[in-house]
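Okay, final-v2.cif is below, mmCIF, C-alpha atoms:
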data_data
loop_
_atom_site.group_PDB
_atom_site.id
_atom_site.type_symbol
_atom_site.label_atom_id
_atom_site.label_comp_id
_atom_site.auth_asym_id
_atom_site.auth_seq_id
_atom_site.Cartn_x
_atom_site.Cartn_y
_atom_site.Cartn_z
ATOM 1 C CA GLY A 1373 113.900 105.499 118.022
ATOM 2 C CA THR A 1374 113.365 107.225 121.374
ATOM 3 C CA VAL A 1375 110.707 105.258 123.241
ATOM 4 C CA ASN A 1376 111.132 102.410 125.721
ATOM 5 C CA ARG A 1377 108.819 99.973 127.512
ATOM 6 C CA ASN A 1378 108.674 102.125 130.675
ATOM 7 C CA GLN A 1379 107.557 105.151 128.671
ATOM 8 C CA LEU A 1380 104.919 103.147 126.800
ATOM 9 C CA ASN A 1381 103.582 101.765 130.089
ATOM 10 C CA ARG A 1382 103.393 105.279 131.547
ATOM 11 C CA ILE A 1383 101.596 106.548 128.462
ATOM 12 C CA ARG A 1384 99.025 103.753 128.811
ATOM 13 C CA GLU A 1385 98.660 104.455 132.550
ATOM 14 C CA LEU A 1386 97.849 108.087 131.708
ATOM 15 C CA GLY A 1387 94.860 106.859 129.725
ATOM 16 C CA ILE A 1388 96.226 107.429 126.247
ATOM 17 C CA ASN A 1389 94.676 104.746 124.075
ATOM 18 C CA ARG A 1390 95.998 105.546 120.591
ATOM 19 C CA LEU A 1391 99.627 105.635 119.554
ATOM 20 C CA SER A 1392 101.064 106.974 116.304
ATOM 21 C CA ILE A 1393 104.459 105.687 115.194
ATOM 22 C CA GLY A 1394 106.393 107.465 112.448
ATOM 23 C CA LEU A 1395 107.880 104.710 110.318
ATOM 24 C CA GLN A 1396 107.996 106.628 107.007
ATOM 25 C CA SER A 1397 109.675 103.763 105.092
ATOM 26 C CA CYS A 1398 110.777 100.168 105.568
ATOM 27 C CA ARG A 1399 113.994 100.897 103.674
ATOM 28 C CA ASP A 1400 116.823 102.035 105.916
ATOM 29 C CA SER A 1401 118.458 103.908 103.030
ATOM 30 C CA GLU A 1402 115.321 106.036 102.610
ATOM 31 C CA LEU A 1403 115.134 106.681 106.355
ATOM 32 C CA LYS A 1404 118.752 107.817 106.348
ATOM 33 C CA LEU A 1405 118.089 110.245 103.469
ATOM 34 C CA LEU A 1406 115.247 111.719 105.529
ATOM 35 C CA GLY A 1407 117.576 112.160 108.504
ATOM 36 C CA ARG A 1408 115.582 109.771 110.707
ATOM 37 C CA ILE A 1409 117.290 108.404 113.803
ATOM 38 C CA HIS A 1410 115.551 105.014 113.586
ATOM 39 C CA ASP A 1411 115.832 102.090 111.221
ATOM 40 C CA TYR A 1412 113.168 99.535 110.261
ATOM 41 C CA GLU A 1413 114.184 97.150 113.050
ATOM 42 C CA ASP A 1414 113.837 99.968 115.619
ATOM 43 C CA PHE A 1415 110.328 100.600 114.299
ATOM 44 C CA LEU A 1416 109.382 96.919 114.569
ATOM 45 C CA GLU A 1417 110.706 96.775 118.119
ATOM 46 C CA CYS A 1418 108.630 99.830 119.035
ATOM 47 C CA PHE A 1419 105.499 98.520 117.294
ATOM 48 C CA TRP A 1420 105.588 95.112 119.008
ATOM 49 C CA MET A 1421 106.518 96.672 122.360
ATOM 50 C CA ALA A 1422 103.458 98.932 122.053
ATOM 51 C CA ARG A 1423 101.266 95.916 121.300
ATOM 52 C CA ASP A 1424 102.809 94.055 124.236
ATOM 53 C CA VAL A 1425 101.993 96.828 126.734
ATOM 54 C CA GLY A 1426 98.383 96.920 125.548
ATOM 55 C CA PHE A 1427 98.010 99.401 122.717
ATOM 56 C CA ASP A 1428 95.262 98.075 120.466
ATOM 57 C CA ASN A 1429 94.869 101.244 118.410
ATOM 58 C CA ILE A 1430 98.101 102.031 116.597
ATOM 59 C CA ASN A 1431 98.672 104.340 113.656
ATOM 60 C CA VAL A 1432 101.688 103.934 111.395
ATOM 61 C CA ASP A 1433 102.893 106.929 109.349
ATOM 62 C CA ILE A 1434 104.407 106.144 105.962
ATOM 63 C CA MET A 1435 105.633 108.405 103.157
ATOM 64 C CA SER A 1436 105.746 108.240 99.392
ATOM 65 C CA ALA A 1437 107.649 110.269 96.789
ATOM 66 C CA LEU A 1438 110.881 110.045 98.783
ATOM 67 C CA PRO A 1439 114.263 110.685 97.165
ATOM 68 C CA TYR A 1440 115.221 107.792 94.872
ATOM 69 C CA GLN A 1441 112.065 105.877 95.925
ATOM 70 C CA THR A 1442 110.745 103.463 93.304
ATOM 71 C CA MET A 1443 107.235 102.063 92.981
ATOM 72 C CA GLU A 1444 108.622 98.677 94.016
ATOM 73 C CA ALA A 1445 110.218 100.084 97.171
ATOM 74 C CA TYR A 1446 107.035 101.932 98.106
ATOM 75 C CA ARG A 1447 104.894 98.836 97.435
ATOM 76 C CA ASN A 1448 107.242 96.888 99.719
ATOM 77 C CA THR A 1449 106.681 99.388 102.543
ATOM 78 C CA LEU A 1450 102.913 99.151 102.055
ATOM 79 C CA GLU A 1451 103.020 95.338 102.078
ATOM 80 C CA LYS A 1452 105.094 95.169 105.246
ATOM 81 C CA VAL A 1453 102.902 97.665 107.084
ATOM 82 C CA ILE A 1454 99.698 95.915 106.000
ATOM 83 C CA LYS A 1455 101.068 92.604 107.355
ATOM 84 C CA LEU A 1456 101.470 94.266 110.774
ATOM 85 C CA ASN A 1457 97.736 95.029 110.683
ATOM 86 C CA PRO A 1458 97.757 98.408 112.449
ATOM 87 C CA GLU A 1459 94.344 99.940 113.020
ATOM 88 C CA HIS A 1460 95.246 103.126 111.170
ATOM 89 C CA ILE A 1461 97.729 104.148 108.470
ATOM 90 C CA SER A 1462 98.635 107.713 107.560
ATOM 91 C CA ALA A 1463 100.186 107.795 104.089
ATOM 92 C CA TYR A 1464 101.734 111.148 103.257
ATOM 93 C CA SER A 1465 103.480 112.314 100.126
ATOM 94 C CA LEU A 1466 106.774 114.007 100.876
ATOM 95 C CA ILE A 1467 106.750 117.783 100.824
ATOM 96 C CA VAL A 1468 110.229 119.263 100.644
ATOM 97 C CA GLU A 1469 110.269 122.323 102.886
ATOM 98 C CA ASP A 1470 112.443 125.329 102.047
ATOM 99 C CA ASP A 1471 115.673 125.818 103.984
ATOM 100 C CA THR A 1472 115.962 122.198 105.129
ATOM 101 C CA PRO A 1473 118.876 119.805 104.582
ATOM 102 C CA LEU A 1474 116.664 117.739 102.256
ATOM 103 C CA CYS A 1475 115.791 120.817 100.217
ATOM 104 C CA GLN A 1476 119.501 121.554 99.887
ATOM 105 C CA GLN A 1477 120.170 117.966 98.710
ATOM 106 C CA VAL A 1478 117.415 118.208 96.096
ATOM 107 C CA GLU A 1479 118.647 121.600 94.853
ATOM 108 C CA GLU A 1480 122.267 120.426 94.663
ATOM 109 C CA ALA A 1481 121.250 117.341 92.703
ATOM 110 C CA GLU A 1482 119.107 119.410 90.322
ATOM 111 C CA GLU A 1483 122.030 121.802 89.726
ATOM 112 C CA LYS A 1484 123.950 118.753 88.502
ATOM 113 C CA GLY A 1485 121.005 117.691 86.317
ATOM 114 C CA ILE A 1486 120.056 114.823 88.627
ATOM 115 C CA LYS A 1487 116.416 114.391 89.590
ATOM 116 C CA ILE A 1488 116.222 112.560 92.925
ATOM 117 C CA LEU A 1489 112.479 112.914 93.558
ATOM 118 C CA PRO A 1490 109.857 110.901 91.660
ATOM 119 C CA ASP A 1491 108.007 112.826 88.950
ATOM 120 C CA GLU A 1492 104.358 113.864 89.375
ATOM 121 C CA ASP A 1493 103.031 110.857 87.438
ATOM 122 C CA THR A 1494 104.946 108.435 89.660
ATOM 123 C CA GLU A 1495 103.831 110.297 92.778
ATOM 124 C CA ARG A 1496 100.198 110.050 91.596
ATOM 125 C CA GLU A 1497 100.605 106.330 90.904
ATOM 126 C CA MET A 1498 101.984 105.873 94.431
ATOM 127 C CA TYR A 1499 98.859 107.562 95.780
ATOM 128 C CA TYR A 1500 96.571 105.300 93.722
ATOM 129 C CA LEU A 1501 98.567 102.246 94.786
ATOM 130 C CA THR A 1502 98.170 103.260 98.428
ATOM 131 C CA GLU A 1503 94.438 103.657 98.038
ATOM 132 C CA LYS A 1504 94.001 100.324 96.234
ATOM 133 C CA MET A 1505 96.195 98.221 98.506
ATOM 134 C CA LEU A 1506 94.771 99.642 101.710
ATOM 135 C CA ASN A 1507 91.157 99.431 100.497
ATOM 136 C CA ASP A 1508 91.778 95.831 99.385
ATOM 137 C CA ASN A 1509 93.005 95.062 102.909
ATOM 138 C CA GLY A 1510 90.062 96.467 104.844
ATOM 139 C CA TYR A 1511 91.141 100.062 105.379
ATOM 140 C CA ILE A 1512 88.656 102.873 104.798
ATOM 141 C CA HIS A 1513 90.018 105.966 103.050
ATOM 142 C CA TYR A 1514 88.310 108.558 105.231
ATOM 143 C CA GLU A 1515 90.590 111.569 104.797
ATOM 144 C CA ILE A 1516 93.090 112.612 102.123
ATOM 145 C CA SER A 1517 96.100 110.898 103.725
ATOM 146 C CA ASN A 1518 94.409 108.658 106.290
ATOM 147 C CA PHE A 1519 93.121 105.109 106.189
ATOM 148 C CA ALA A 1520 91.568 103.192 109.059
ATOM 149 C CA LYS A 1521 89.979 99.904 109.927
ATOM 150 C CA PRO A 1522 86.214 100.315 110.497
ATOM 151 C CA GLN A 1523 85.469 102.381 113.622
ATOM 152 C CA LYS A 1524 89.157 103.295 114.034
ATOM 153 C CA GLU A 1525 89.123 106.634 112.249
ATOM 154 C CA CYS A 1526 91.065 109.301 114.130
ATOM 155 C CA LYS A 1527 88.634 111.648 115.851
ATOM 156 C CA HIS A 1528 91.329 114.328 115.927
ATOM 157 C CA ASN A 1529 91.716 114.205 112.108
ATOM 158 C CA ILE A 1530 87.955 114.221 111.564
ATOM 159 C CA GLY A 1531 87.703 117.213 113.873
ATOM 160 C CA TYR A 1532 89.980 119.248 111.628
ATOM 161 C CA TRP A 1533 87.684 118.677 108.654
ATOM 162 C CA LYS A 1534 84.609 119.590 110.702
ATOM 163 C CA ARG A 1535 86.392 122.640 112.172
ATOM 164 C CA VAL A 1536 85.914 121.344 115.694
ATOM 165 C CA ASP A 1537 87.967 123.065 118.389
ATOM 166 C CA TYR A 1538 90.741 120.656 119.277
#
Would you mind writing the file out in structure tokens?
Amino acid sequence: GTVNRNQLNRIRELGINRLSIGLQSCRDSELKLLGRIHDYEDFLECFWMARDVGFDNINVDIMSALPYQTMEAYRNTLEKVIKLNPEHISAYSLIVEDDTPLCQQVEEAEEKGIKILPDEDTEREMYYLTEKMLNDNGYIHYEISNFAKPQKECKHNIGYWKRVDY
């Protein structure tokens, strides 16, 4: 939601060869609940602009266990991202941090007896679905939340697990 072609060109000129784009969800309603400034069309514009300026190593961040998210909605996000064929996908499960607007929304809903987050079983099934769909489409599950095409694993992420100085 904040990048333009000039910025992407400058980033490439600086020698940066891997770009990570925070999509989170293909559903605009879910993005709005998260307080994101972009919508799915903004993401697509950014993704294809990055490809057009020469990025051939793109990561897409997605999230599961979002408020009101169903298995079908999450599967739809996975399918759409897989069709884009990014080299890397980071698939995180939402963690609601204390003292955030989202935390307040969750607490207010719970006070009214409304559960807006998926239960643990659904969250686990979303994780298994992620693993299956991405593995079936050529992604290697090399780190808890990260999947990559062969030879496209993120060296930065691997470094954390090996305790390498970043």
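Using all atoms listed in the file for every distance, the candidate list A:Leu1474, A:Arg1399, A:Lys1455, A:Gly1426 yields A:Gly1426 as the residue closest to Gly1387 in chain A.
For the pair CA of Ile1488 in chain A and CA of Arg1447 in chain A, the interatomic distance is 18.4 Å.
The coordinates place CA of Thr1374 in chain A at 16.6 Å from CA of Arg1423 in chain A.
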Check which residues satisfy the PyMOL selection byres ((chain A and resi 1489) around 12) in the file shown, then give them as a VMD selection string. chain A and resid 1402 1405 1436 to 1442 1465 to 1468 1474 to 1475 1477 to 1479 1481 to 1482 1486 to 1488 1490 to 1495
For Gly1373 in chain A, which of A:Glu1417, A:Asp1428, A:Asp1537, A:Asp1508 is the closest residue, counting only C-alpha atoms?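 Closest to Gly1373 in chain A of all the choices is A:Glu1417.
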Just give me the gap between CA of Leu1403 in chain A and CA of Tyr1514 in chain A in Å, one decimal is fine. 26.9 Å
For this file, the PyMOL selection byres ((chain A and resi 1450) around 10) selects which residues, as a PyMOL selection string? chain A and resi 1397-1398+1434-1436+1444-1449+1451-1455+1461+1463+1501-1502+1505-1506
Go through A:Asp1400, A:Glu1459, A:Glu1385, A:Asp1424 and flag the residue nearest Gly1510 in chain A, using all atoms listed in the file for the distances. A:Glu1459
Do a neighbour search on Asn1389 in chain A at 12 Å with all atoms listed in the file, toss out local chain neighbours closer than 2 positions, and write the hits as a PyMOL selection string. chain A and resi 1380-1387+1391-1392+1422-1423+1425-1431+1524+1526
With 4 Å of padding per side, what axis-aligned box (centre and edge lengths, Å, one decimal) covers all the listed atoms of range 1488-1498 of chain A? Give it as lines of an AutoDock Vina configuration file.
center_x = 108.2
center_y = 109.9
center_z = 90.9
size_x = 24.0
size_y = 16.0
size_z = 15.0
Taking all atoms listed in the file into account, which of A:Met1443, A:Gln1523, A:Gly1394, A:Tyr1412 comes nearest Glu1497 in chain A?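 Nearest to Glu1497 in chain A: A:Met1443.
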Please evaluate the PyMOL selection byres ((chain A and resi 1518) around 10) against the displayed coordinates and give the resulting residues as JSON, numbers by chain. {"A": [1431, 1433, 1460, 1461, 1462, 1463, 1464, 1503, 1511, 1512, 1513, 1514, 1515, 1516, 1517, 1519, 1520, 1525, 1526, 1529]}
Which residue of A:Arg1390, A:Arg1377, A:Asn1457, A:Leu1395 approaches Met1421 in chain A most closely, using only C-alpha atoms: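 Looking only at the distances to Met1421 in chain A, the closest residue turns out to be A:Arg1377.
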Across A:Leu1406, A:Val1432, A:Val1375, A:Ile1393, the smallest distance to Pro1458 in chain A, with all atoms listed in the file counted, is shown by A:Val1432
